>>> print(open('coords.pdb').read())   # PDB, C-alpha atoms and all ligand atoms
MODEL        1
ATOM      1  CA  MET A   1    -216.213  38.887 -13.635
ATOM      2  CA  ASN A   2    -212.400  39.020 -13.781
ATOM      3  CA  ALA A   3    -210.965  42.331 -14.906
ATOM      4  CA  VAL A   4    -209.077  42.072 -18.229
ATOM      5  CA  PRO A   5    -205.516  43.354 -17.811
ATOM      6  CA  ASP A   6    -205.040  46.549 -19.784
ATOM      7  CA  THR A   7    -201.819  45.738 -21.676
ATOM      8  CA  ALA A   8    -201.523  49.164 -23.268
ATOM      9  CA  ALA A   9    -201.813  50.866 -19.880
ATOM     10  CA  THR A  10    -199.192  48.516 -18.394
ATOM     11  CA  GLU A  11    -196.823  49.271 -21.257
ATOM     12  CA  ARG A  12    -197.431  52.994 -20.884
ATOM     13  CA  ARG A  13    -196.682  52.753 -17.187
ATOM     14  CA  ALA A  14    -193.463  50.767 -17.844
ATOM     15  CA  ARG A  15    -192.351  53.341 -20.429
ATOM     16  CA  PHE A  16    -193.048  56.155 -18.000
ATOM     17  CA  GLU A  17    -191.016  54.450 -15.260
ATOM     18  CA  THR A  18    -188.096  53.824 -17.628
ATOM     19  CA  ASN A  19    -188.088  57.463 -18.748
ATOM     20  CA  LYS A  20    -188.119  58.550 -15.140
ATOM     21  CA  LEU A  21    -185.200  56.265 -14.387
ATOM     22  CA  ALA A  22    -183.223  57.544 -17.391
ATOM     23  CA  LYS A  23    -183.798  61.147 -16.326
ATOM     24  CA  ARG A  24    -182.769  60.396 -12.749
ATOM     25  CA  LEU A  25    -179.571  58.633 -13.850
ATOM     26  CA  HIS A  26    -178.598  61.467 -16.186
ATOM     27  CA  ARG A  27    -179.399  64.099 -13.574
ATOM     28  CA  GLN A  28    -177.434  62.368 -10.822
ATOM     29  CA  VAL A  29    -174.381  61.714 -12.992
ATOM     30  CA  GLY A  30    -174.456  65.284 -14.357
ATOM     31  CA  GLN A  31    -174.761  66.623 -10.817
ATOM     32  CA  ALA A  32    -171.822  64.562  -9.521
ATOM     33  CA  ILE A  33    -169.676  65.689 -12.471
ATOM     34  CA  ARG A  34    -170.519  69.326 -11.727
ATOM     35  CA  ASP A  35    -170.240  69.094  -7.941
ATOM     36  CA  PHE A  36    -166.728  67.649  -8.071
ATOM     37  CA  ASN A  37    -165.572  69.267 -11.327
ATOM     38  CA  MET A  38    -164.886  65.785 -12.659
ATOM     39  CA  ILE A  39    -164.692  66.613 -16.365
ATOM     40  CA  GLU A  40    -163.104  69.743 -17.831
ATOM     41  CA  PRO A  41    -162.985  71.055 -21.386
ATOM     42  CA  GLY A  42    -160.665  68.997 -23.570
ATOM     43  CA  ASP A  43    -160.500  66.027 -21.187
ATOM     44  CA  LYS A  44    -159.968  62.553 -22.557
ATOM     45  CA  VAL A  45    -161.906  60.288 -20.214
ATOM     46  CA  MET A  46    -160.776  56.684 -20.048
ATOM     47  CA  VAL A  47    -163.792  54.616 -19.010
ATOM     48  CA  CYS A  48    -162.675  51.377 -17.384
ATOM     49  CA  MET A  49    -164.929  48.571 -18.547
ATOM     50  CA  SER A  50    -165.046  45.328 -16.583
ATOM     51  CA  GLY A  51    -168.054  44.085 -18.511
ATOM     52  CA  GLY A  52    -170.306  44.310 -15.434
ATOM     53  CA  LYS A  53    -173.527  46.325 -15.172
ATOM     54  CA  ASP A  54    -171.890  49.334 -13.487
ATOM     55  CA  SER A  55    -169.193  50.011 -16.062
ATOM     56  CA  HIS A  56    -171.655  49.405 -18.896
ATOM     57  CA  ALA A  57    -174.039  51.966 -17.417
ATOM     58  CA  LEU A  58    -171.203  54.427 -16.793
ATOM     59  CA  LEU A  59    -170.130  54.356 -20.438
ATOM     60  CA  ASP A  60    -173.702  54.472 -21.699
ATOM     61  CA  ILE A  61    -174.639  57.490 -19.531
ATOM     62  CA  LEU A  62    -171.414  59.397 -20.255
ATOM     63  CA  LEU A  63    -171.931  58.924 -23.990
ATOM     64  CA  ALA A  64    -175.488  60.261 -23.686
ATOM     65  CA  LEU A  65    -174.433  63.236 -21.548
ATOM     66  CA  ARG A  66    -171.572  64.128 -23.879
ATOM     67  CA  VAL A  67    -173.991  64.729 -26.748
ATOM     68  CA  ARG A  68    -175.601  67.649 -24.964
ATOM     69  CA  SER A  69    -172.761  68.740 -22.717
ATOM     70  CA  PRO A  70    -171.473  72.304 -23.201
ATOM     71  CA  VAL A  71    -168.088  70.941 -22.098
ATOM     72  CA  PRO A  72    -166.297  69.201 -24.985
ATOM     73  CA  PHE A  73    -164.570  65.979 -23.952
ATOM     74  CA  ASP A  74    -163.503  62.653 -25.483
ATOM     75  CA  ILE A  75    -164.178  59.158 -24.298
ATOM     76  CA  VAL A  76    -162.108  56.039 -24.743
ATOM     77  CA  ALA A  77    -163.297  52.728 -23.308
ATOM     78  CA  VAL A  78    -160.670  50.346 -21.950
ATOM     79  CA  ASN A  79    -161.006  46.745 -20.930
ATOM     80  CA  LEU A  80    -158.314  44.675 -19.305
ATOM     81  CA  ASP A  81    -158.452  41.075 -20.469
ATOM     82  CA  GLN A  82    -156.847  39.310 -17.519
ATOM     83  CA  LYS A  83    -156.909  35.920 -19.240
ATOM     84  CA  GLN A  84    -159.284  34.294 -16.814
ATOM     85  CA  PRO A  85    -160.379  30.894 -18.081
ATOM     86  CA  GLY A  86    -163.563  31.216 -20.115
ATOM     87  CA  PHE A  87    -163.333  35.017 -20.528
ATOM     88  CA  PRO A  88    -165.468  35.755 -23.606
ATOM     89  CA  GLU A  89    -162.958  38.056 -25.287
ATOM     90  CA  HIS A  90    -165.157  38.810 -28.292
ATOM     91  CA  VAL A  91    -168.071  40.250 -26.262
ATOM     92  CA  LEU A  92    -166.798  43.722 -25.340
ATOM     93  CA  PRO A  93    -165.024  44.530 -28.644
ATOM     94  CA  GLN A  94    -168.174  43.555 -30.523
ATOM     95  CA  TYR A  95    -170.366  45.689 -28.291
ATOM     96  CA  LEU A  96    -168.037  48.717 -28.244
ATOM     97  CA  ARG A  97    -167.698  48.584 -32.026
ATOM     98  CA  SER A  98    -171.493  48.618 -32.288
ATOM     99  CA  LEU A  99    -171.565  51.809 -30.177
ATOM    100  CA  GLY A 100    -168.936  53.434 -32.387
ATOM    101  CA  VAL A 101    -166.862  54.420 -29.344
ATOM    102  CA  PRO A 102    -163.050  54.329 -29.522
ATOM    103  CA  PHE A 103    -161.738  51.493 -27.348
ATOM    104  CA  HIS A 104    -158.664  49.591 -26.348
ATOM    105  CA  ILE A 105    -158.432  46.034 -25.023
ATOM    106  CA  GLU A 106    -155.318  45.492 -22.945
ATOM    107  CA  GLN A 107    -154.310  41.856 -22.698
ATOM    108  CA  GLN A 108    -152.317  40.929 -19.607
ATOM    109  CA  ASP A 109    -152.300  37.513 -17.993
ATOM    110  CA  THR A 110    -152.639  38.643 -14.381
ATOM    111  CA  TYR A 111    -154.708  35.512 -13.702
ATOM    112  CA  SER A 112    -151.636  33.233 -13.938
ATOM    113  CA  ILE A 113    -149.629  35.595 -11.752
ATOM    114  CA  VAL A 114    -152.149  35.649  -8.897
ATOM    115  CA  LYS A 115    -152.719  31.894  -9.180
ATOM    116  CA  ARG A 116    -148.977  31.329  -8.910
ATOM    117  CA  LEU A 117    -148.416  33.709  -6.009
ATOM    118  CA  ILE A 118    -151.510  33.234  -3.827
ATOM    119  CA  PRO A 119    -151.850  29.917  -1.965
ATOM    120  CA  GLU A 120    -154.878  27.773  -2.859
ATOM    121  CA  GLY A 121    -158.020  28.683  -0.902
ATOM    122  CA  GLN A 122    -157.006  32.296  -0.210
ATOM    123  CA  THR A 123    -158.759  35.203  -1.897
ATOM    124  CA  LEU A 124    -157.047  36.484  -5.018
ATOM    125  CA  CYS A 125    -158.723  39.866  -5.162
ATOM    126  CA  SER A 126    -156.254  42.051  -3.323
ATOM    127  CA  LEU A 127    -153.237  41.206  -5.506
ATOM    128  CA  CYS A 128    -155.422  41.016  -8.626
ATOM    129  CA  SER A 129    -156.774  44.534  -8.102
ATOM    130  CA  ARG A 130    -153.321  45.924  -7.351
ATOM    131  CA  LEU A 131    -151.983  44.481 -10.603
ATOM    132  CA  ARG A 132    -155.029  45.720 -12.500
ATOM    133  CA  ARG A 133    -154.669  49.207 -11.076
ATOM    134  CA  GLY A 134    -151.017  49.464 -12.126
ATOM    135  CA  ILE A 135    -151.824  48.280 -15.645
ATOM    136  CA  LEU A 136    -154.736  50.687 -16.044
ATOM    137  CA  TYR A 137    -152.587  53.618 -14.899
ATOM    138  CA  ARG A 138    -149.932  52.683 -17.454
ATOM    139  CA  VAL A 139    -152.543  52.354 -20.216
ATOM    140  CA  ALA A 140    -154.045  55.741 -19.256
ATOM    141  CA  GLY A 141    -150.614  57.295 -19.740
ATOM    142  CA  GLU A 142    -150.115  55.567 -23.084
ATOM    143  CA  LEU A 143    -153.538  56.668 -24.328
ATOM    144  CA  LYS A 144    -152.933  60.201 -23.019
ATOM    145  CA  ALA A 145    -156.140  60.009 -21.010
ATOM    146  CA  THR A 146    -156.545  62.922 -18.610
ATOM    147  CA  LYS A 147    -159.210  61.286 -16.401
ATOM    148  CA  ILE A 148    -159.776  57.653 -15.423
ATOM    149  CA  ALA A 149    -163.491  56.953 -14.838
ATOM    150  CA  LEU A 150    -164.524  54.037 -12.620
ATOM    151  CA  GLY A 151    -168.005  52.555 -12.240
ATOM    152  CA  HIS A 152    -168.294  52.600  -8.438
ATOM    153  CA  HIS A 153    -171.710  53.814  -7.287
ATOM    154  CA  ARG A 154    -173.319  55.271  -4.174
ATOM    155  CA  ASP A 155    -173.792  51.895  -2.478
ATOM    156  CA  ASP A 156    -170.132  50.939  -3.075
ATOM    157  CA  MET A 157    -169.091  54.191  -1.448
ATOM    158  CA  VAL A 158    -171.285  53.695   1.618
ATOM    159  CA  ALA A 159    -170.194  50.047   1.925
ATOM    160  CA  THR A 160    -166.543  51.150   1.791
ATOM    161  CA  LEU A 161    -167.137  53.712   4.538
ATOM    162  CA  LEU A 162    -168.678  51.043   6.782
ATOM    163  CA  MET A 163    -165.971  48.483   5.942
ATOM    164  CA  ASN A 164    -163.279  50.943   6.903
ATOM    165  CA  MET A 165    -165.061  51.624  10.198
ATOM    166  CA  PHE A 166    -165.935  47.991  10.991
ATOM    167  CA  PHE A 167    -162.728  46.306   9.937
ATOM    168  CA  GLY A 168    -160.166  49.109   9.740
ATOM    169  CA  ALA A 169    -161.184  51.390  12.658
ATOM    170  CA  ARG A 170    -160.927  54.394  10.348
ATOM    171  CA  LEU A 171    -163.445  56.944   9.112
ATOM    172  CA  LYS A 172    -162.599  56.783   5.435
ATOM    173  CA  GLY A 173    -164.699  56.244   2.350
ATOM    174  CA  MET A 174    -164.274  56.005  -1.389
ATOM    175  CA  PRO A 175    -163.968  59.512  -2.869
ATOM    176  CA  PRO A 176    -165.765  60.681  -6.007
ATOM    177  CA  LYS A 177    -162.498  62.179  -7.291
ATOM    178  CA  LEU A 178    -158.917  61.553  -6.272
ATOM    179  CA  VAL A 179    -155.332  61.657  -7.423
ATOM    180  CA  SER A 180    -154.037  58.142  -8.082
ATOM    181  CA  ASP A 181    -151.521  56.704  -5.643
ATOM    182  CA  ASP A 182    -148.719  57.092  -8.207
ATOM    183  CA  GLY A 183    -149.585  60.814  -8.278
ATOM    184  CA  ARG A 184    -149.932  60.865 -12.063
ATOM    185  CA  HIS A 185    -153.668  60.509 -12.749
ATOM    186  CA  VAL A 186    -157.026  61.882 -11.685
ATOM    187  CA  VAL A 187    -159.578  59.160 -11.004
ATOM    188  CA  ILE A 188    -163.287  60.011 -11.094
ATOM    189  CA  ARG A 189    -166.444  58.158 -10.063
ATOM    190  CA  PRO A 190    -169.343  59.767 -11.942
ATOM    191  CA  LEU A 191    -171.846  57.234 -10.496
ATOM    192  CA  ALA A 192    -171.181  58.530  -6.967
ATOM    193  CA  TYR A 193    -174.845  59.602  -6.492
ATOM    194  CA  VAL A 194    -176.428  56.609  -8.233
ATOM    195  CA  ALA A 195    -178.159  53.795  -6.336
ATOM    196  CA  GLU A 196    -177.163  50.255  -7.245
ATOM    197  CA  SER A 197    -180.798  49.202  -7.548
ATOM    198  CA  ASP A 198    -181.255  51.838 -10.288
ATOM    199  CA  LEU A 199    -178.238  50.483 -12.152
ATOM    200  CA  GLU A 200    -179.646  46.966 -11.944
ATOM    201  CA  ARG A 201    -182.946  48.113 -13.458
ATOM    202  CA  TRP A 202    -181.182  50.183 -16.102
ATOM    203  CA  ALA A 203    -178.891  47.304 -17.114
ATOM    204  CA  GLU A 204    -181.887  45.045 -17.494
ATOM    205  CA  HIS A 205    -183.695  47.625 -19.605
ATOM    206  CA  ARG A 206    -180.667  48.278 -21.824
ATOM    207  CA  GLY A 207    -179.797  44.569 -22.189
ATOM    208  CA  TYR A 208    -176.033  45.041 -21.842
ATOM    209  CA  PRO A 209    -173.906  42.016 -22.737
ATOM    210  CA  ILE A 210    -172.814  41.428 -19.139
ATOM    211  CA  ILE A 211    -169.694  39.389 -18.519
ATOM    212  CA  PRO A 212    -169.969  37.418 -15.262
ATOM    213  CA  CYS A 213    -167.513  38.503 -12.580
ATOM    214  CA  ASP A 214    -166.800  35.063 -11.125
ATOM    215  CA  LEU A 215    -164.702  33.705 -13.983
ATOM    216  CA  CYS A 216    -161.537  33.800 -11.918
ATOM    217  CA  GLY A 217    -163.114  31.379  -9.414
ATOM    218  CA  SER A 218    -162.118  33.640  -6.520
ATOM    219  CA  GLN A 219    -164.447  33.850  -3.545
ATOM    220  CA  GLN A 220    -166.296  37.115  -3.273
ATOM    221  CA  ASP A 221    -164.899  39.504  -0.702
ATOM    222  CA  LEU A 222    -166.782  38.162   2.319
ATOM    223  CA  GLN A 223    -166.620  41.328   4.398
ATOM    224  CA  ARG A 224    -167.958  43.493   1.567
ATOM    225  CA  ALA A 225    -170.688  40.942   0.852
ATOM    226  CA  GLN A 226    -171.777  41.003   4.520
ATOM    227  CA  ILE A 227    -171.901  44.794   4.587
ATOM    228  CA  LYS A 228    -173.956  44.854   1.392
ATOM    229  CA  VAL A 229    -176.479  42.395   2.844
ATOM    230  CA  MET A 230    -176.719  44.520   5.969
ATOM    231  CA  LEU A 231    -177.242  47.725   3.968
ATOM    232  CA  ARG A 232    -179.944  46.156   1.815
ATOM    233  CA  ASP A 233    -181.701  44.888   4.904
ATOM    234  CA  TRP A 234    -181.644  48.355   6.527
ATOM    235  CA  GLU A 235    -182.855  49.946   3.322
ATOM    236  CA  ARG A 236    -185.738  47.488   3.106
ATOM    237  CA  ARG A 237    -186.795  48.153   6.702
ATOM    238  CA  TYR A 238    -186.011  51.880   6.842
ATOM    239  CA  PRO A 239    -186.016  53.274   3.283
ATOM    240  CA  GLY A 240    -183.731  56.241   2.697
ATOM    241  CA  ARG A 241    -180.952  55.145   5.077
ATOM    242  CA  ILE A 242    -178.348  54.542   2.326
ATOM    243  CA  ASP A 243    -179.116  57.952   0.838
ATOM    244  CA  ASN A 244    -178.655  59.555   4.253
ATOM    245  CA  MET A 245    -175.363  57.784   4.853
ATOM    246  CA  ALA A 246    -174.126  58.832   1.420
ATOM    247  CA  ALA A 247    -175.188  62.448   2.065
ATOM    248  CA  ALA A 248    -173.485  62.343   5.479
ATOM    249  CA  MET A 249    -170.130  61.816   3.763
ATOM    250  CA  GLY A 250    -170.486  65.305   2.315
ATOM    251  CA  ARG A 251    -171.601  66.978   5.564
ATOM    252  CA  ILE A 252    -168.905  66.458   8.104
ATOM    253  CA  THR A 253    -168.692  68.264  11.433
ATOM    254  CA  LEU A 254    -165.077  67.822  12.469
ATOM    255  CA  SER A 255    -165.670  69.379  15.881
ATOM    256  CA  HIS A 256    -168.041  66.505  16.679
ATOM    257  CA  LEU A 257    -165.700  63.682  15.829
ATOM    258  CA  MET A 258    -162.541  62.702  17.685
ATOM    259  CA  ASP A 259    -159.607  63.328  15.374
ATOM    260  CA  ARG A 260    -157.180  65.509  17.334
ATOM    261  CA  ASN A 261    -155.170  66.178  14.178
ATOM    262  CA  LEU A 262    -158.138  67.731  12.407
ATOM    263  CA  HIS A 263    -159.681  69.714  15.244
ATOM    264  CA  PRO A 264    -157.808  71.657  17.944
ATOM    265  CA  PHE A 265    -159.482  70.024  20.963
ATOM    266  CA  ALA A 266    -156.422  70.653  23.138
ATOM    267  CA  THR A 267    -156.570  74.436  22.774
ATOM    268  CA  LEU A 268    -160.364  74.911  22.802
ATOM    269  CA  GLN A 269    -161.478  77.899  24.874
ATOM    270  CA  ALA A 270    -164.882  79.393  25.608
ATOM    271  CA  THR A 271    -165.290  82.465  23.414
ATOM    272  CA  GLY A 272    -167.750  84.260  25.654
ATOM    273  CA  ALA A 273    -169.892  85.157  22.630
ATOM    274  CA  PRO A 274    -172.957  83.224  21.455
ATOM    275  CA  ASP A 275    -172.622  81.461  18.106
ATOM    276  CA  VAL A 276    -175.854  80.720  16.199
ATOM    277  CA  GLN A 277    -174.047  77.869  14.451
ATOM    278  CA  GLY A 278    -172.649  76.661  17.719
ATOM    279  CA  ASP A 279    -173.331  73.436  19.533
ATOM    280  CA  LYS A 280    -176.491  73.064  21.571
ATOM    281  CA  ALA A 281    -174.440  70.889  23.900
ATOM    282  CA  PHE A 282    -176.952  68.406  25.268
ATOM    283  CA  ASP A 283    -179.914  68.930  22.969
ATOM    284  CA  ASP A 284    -178.918  66.257  20.479
ATOM    285  CA  ASP A 285    -178.016  63.401  22.763
ATOM    286  CA  ALA A 286    -181.445  62.266  24.011
ATOM    287  CA  CYS A 287    -181.323  58.665  25.189
ATOM    288  CA  SER A 288    -182.761  56.177  22.736
ATOM    289  CA  ASN A 289    -185.774  55.653  24.956
ATOM    290  CA  ALA A 290    -186.622  59.349  24.992
ATOM    291  CA  ALA A 291    -186.069  59.630  21.265
ATOM    292  CA  ALA A 292    -188.823  57.103  20.702
ATOM    293  CA  GLN A 293    -191.302  59.084  22.797
ATOM    294  CA  PRO A 294    -193.115  62.265  21.818
ATOM    295  CA  VAL A 295    -191.349  65.151  23.553
ATOM    296  CA  GLN A 296    -193.355  67.106  26.140
ATOM    297  CA  PHE A 297    -192.003  70.260  27.675
ATOM    298  CA  ALA A 298    -192.960  71.071  31.235
ATOM    299  CA  PRO A 299    -192.554  74.673  32.401
ATOM    300  CA  ARG A 300    -189.350  74.997  34.348
ATOM    301  CA  ALA A 301    -189.134  76.459  37.806
ATOM    302  CA  ALA A 302    -186.783  79.386  38.032
ATOM    303  CA  PRO A 303    -183.453  78.381  39.597
ATOM    304  CA  ALA A 304    -183.235  79.268  43.261
ATOM    305  CA  VAL A 305    -181.039  82.244  44.022
ATOM    306  CA  ARG A 306    -179.054  81.838  47.202
TER     307      ARG A 306
HETATM  308  S1  LIG A 401    -163.043  38.614  -8.385
HETATM  309 FE1  LIG A 401    -161.380  37.718  -9.624
HETATM  310  S2  LIG A 401    -161.041  39.181 -11.251
HETATM  311 FE2  LIG A 401    -162.207  40.239  -9.672
HETATM  312  S3  LIG A 401    -160.651  41.212  -8.370
HETATM  313 FE3  LIG A 401    -161.087  39.225  -7.466
HETATM  314  S4  LIG A 401    -159.558  37.880  -8.326
HETATM  315 FE4  LIG A 401    -159.618  39.677  -9.631
ENDMDL
END
>>> encode(input="coords.pdb", output="structure tokens", more="lines below")
Ligand code: SF4
Amino acid sequence: MNAVPDTAATERRARFETNKLAKRLHRQVGQAIRDFNMIEPGDKVMVCMSGGKDSHALLDILLALRVRSPVPFDIVAVNLDQKQPGFPEHVLPQYLRSLGVPFHIEQQDTYSIVKRLIPEGQTLCSLCSRLRRGILYRVAGELKATKIALGHHRDDMVATLLMNMFFGARLKGMPPKLVSDDGRHVVIRPLAYVAESDLERWAEHRGYPIIPCDLCGSQQDLQRAQIKVMLRDWERRYPGRIDNMAAAMGRITLSHLMDRNLHPFATLQATGAPDVQGDKAFDDDACSNAAAQPVQFAPRAAPAVR
């Protein structure tokens, strides 16, 4: 006899999983805000909304956290309508009005500018993002926002680290908090600890009115897309790797890298005193073959004294 699916139990399970996800998202965002002192009393946080899942989740989670935060702060949502053909300009205002959150839609036809300046077939994204950044900084000043919040998440930050290594030969990531390149704003990334897969599930659960990101017709950044495929493949085969890479960005041992400007390799001297934190020299560099084998220690013969 076939077992009858227990609908109530399935629904209970789904509710439980959603609650767990909500708690995790709130905890991780709260933790990132605390760890990097992202939001201070009296801040006006400008949440940049592209209409994608990440910025929707960022606004949603910040609004929820603000209700119970001991730190008073304001939120203003901002969307830049870049006049891409087919951009559904009513969607975000309608949604933001329904949330009761103050918002501003900045209309600037950057689409025509990039189309005019970039030859056909080349990617538009680099100029487009530069223009967008400048406009958002100006708007932040006009709105007297003290923080600019972006929806980049953990996976974006790890992908950026790898892209900089693979294609730029530089150990550089995407920081959770930084001063803007014009020196006038503080940019924060409260989703720094959040996994993209969690945001995908959350967006589906919340049913955000997502605006597709391919309206401009530009090709996706191929290098970033390749890195993302690679990361997802690693994560599928060896779960936990993205988390480890993200954590590694906050645990850096400068003496074990090769930047001569950051560590005084040239003047290193033996101290003559043991250091419990010190390097174990060769202990960590077992060859890959040995690392795969269980380690067996044989008693060592005492060194011959001549
Ligand atoms: S995908 Fe389109 S809108 Fe997005 S940065 Fe690239 S050119 Fe601009």
>>> residues_near_ligand(input="coords.pdb", ligand="ligand LIG 401 (chain A)", cutoff="6 Å", atoms="all atoms listed in the file", output="PyMOL selection string")
chain A and resi 124-125+128-129+214+216+218
>>> closest_residue(input="coords.pdb", among="A:Ala203, A:Thr7, A:Lys23, A:Pro209", to="Leu92 in chain A", atoms="only C-alpha atoms")
A:Pro209
>>> atom_distance(input="coords.pdb", atom1="CA of Arg201 in chain A", atom2="CA of Val47 in chain A")
21.0 Å
>>> atom_distance(input="coords.pdb", atom1="CA of Arg189 in chain A", atom2="CA of Asp54 in chain A")
10.9 Å
>>> residues_around(input="coords.pdb", residues="range 250-259 of chain A", least_positions_apart="6", cutoff="10 Å", atoms="all atoms listed in the file", output="PyMOL selection string")
chain A and resi 171+265+279
>>> decode(input="coords.pdb", residues="range 139-146 of chain A", atoms="all heavy atoms", output="tab-separated table (two decimals), in the first residue's frame")
chain	number	residue	atom	x	y	z
A	139	VAL	N	23.58	61.43	-5.20
A	139	VAL	CA	22.26	61.34	-4.58
A	139	VAL	C	22.40	61.18	-3.06
A	139	VAL	O	21.65	61.77	-2.29
A	139	VAL	CB	21.45	60.15	-5.19
A	139	VAL	CG1	20.17	59.91	-4.44
A	139	VAL	CG2	21.15	60.45	-6.66
A	140	ALA	N	23.39	60.37	-2.64
A	140	ALA	CA	23.60	60.18	-1.19
A	140	ALA	C	23.87	61.52	-0.53
A	140	ALA	O	23.35	61.82	0.55
A	140	ALA	CB	24.76	59.22	-0.95
A	141	GLY	N	24.66	62.36	-1.18
A	141	GLY	CA	24.95	63.69	-0.64
A	141	GLY	C	23.67	64.52	-0.57
A	141	GLY	O	23.40	65.17	0.44
A	142	GLU	N	22.90	64.48	-1.64
A	142	GLU	CA	21.67	65.30	-1.68
A	142	GLU	C	20.66	64.86	-0.62
A	142	GLU	O	19.94	65.66	-0.06
A	142	GLU	CB	21.05	65.22	-3.08
A	142	GLU	CG	21.85	65.97	-4.12
A	142	GLU	CD	21.43	65.67	-5.55
A	142	GLU	OE1	20.44	64.92	-5.76
A	142	GLU	OE2	22.10	66.16	-6.47
A	143	LEU	N	20.62	63.53	-0.38
A	143	LEU	CA	19.66	63.02	0.60
A	143	LEU	C	20.21	63.08	2.03
A	143	LEU	O	19.54	62.68	2.97
A	143	LEU	CB	19.29	61.56	0.28
A	143	LEU	CG	18.53	61.32	-1.03
A	143	LEU	CD1	18.33	59.83	-1.25
A	143	LEU	CD2	17.19	62.03	-1.02
A	144	LYS	N	21.44	63.54	2.14
A	144	LYS	CA	22.14	63.60	3.45
A	144	LYS	C	22.23	62.21	4.09
A	144	LYS	O	22.08	62.06	5.32
A	144	LYS	CB	21.47	64.59	4.40
A	144	LYS	CG	21.43	66.01	3.85
A	144	LYS	CD	21.23	67.02	4.94
A	144	LYS	CE	21.21	68.47	4.50
A	144	LYS	NZ	21.57	68.80	3.14
A	145	ALA	N	22.44	61.22	3.25
A	145	ALA	CA	22.63	59.86	3.78
A	145	ALA	C	24.04	59.76	4.35
A	145	ALA	O	24.99	60.29	3.77
A	145	ALA	CB	22.45	58.83	2.67
A	146	THR	N	24.17	59.08	5.48
A	146	THR	CA	25.49	58.95	6.10
A	146	THR	C	26.15	57.61	5.77
A	146	THR	O	27.34	57.43	5.96
A	146	THR	CB	25.39	59.10	7.63
A	146	THR	OG1	24.33	58.24	8.09
A	146	THR	CG2	25.06	60.52	8.03
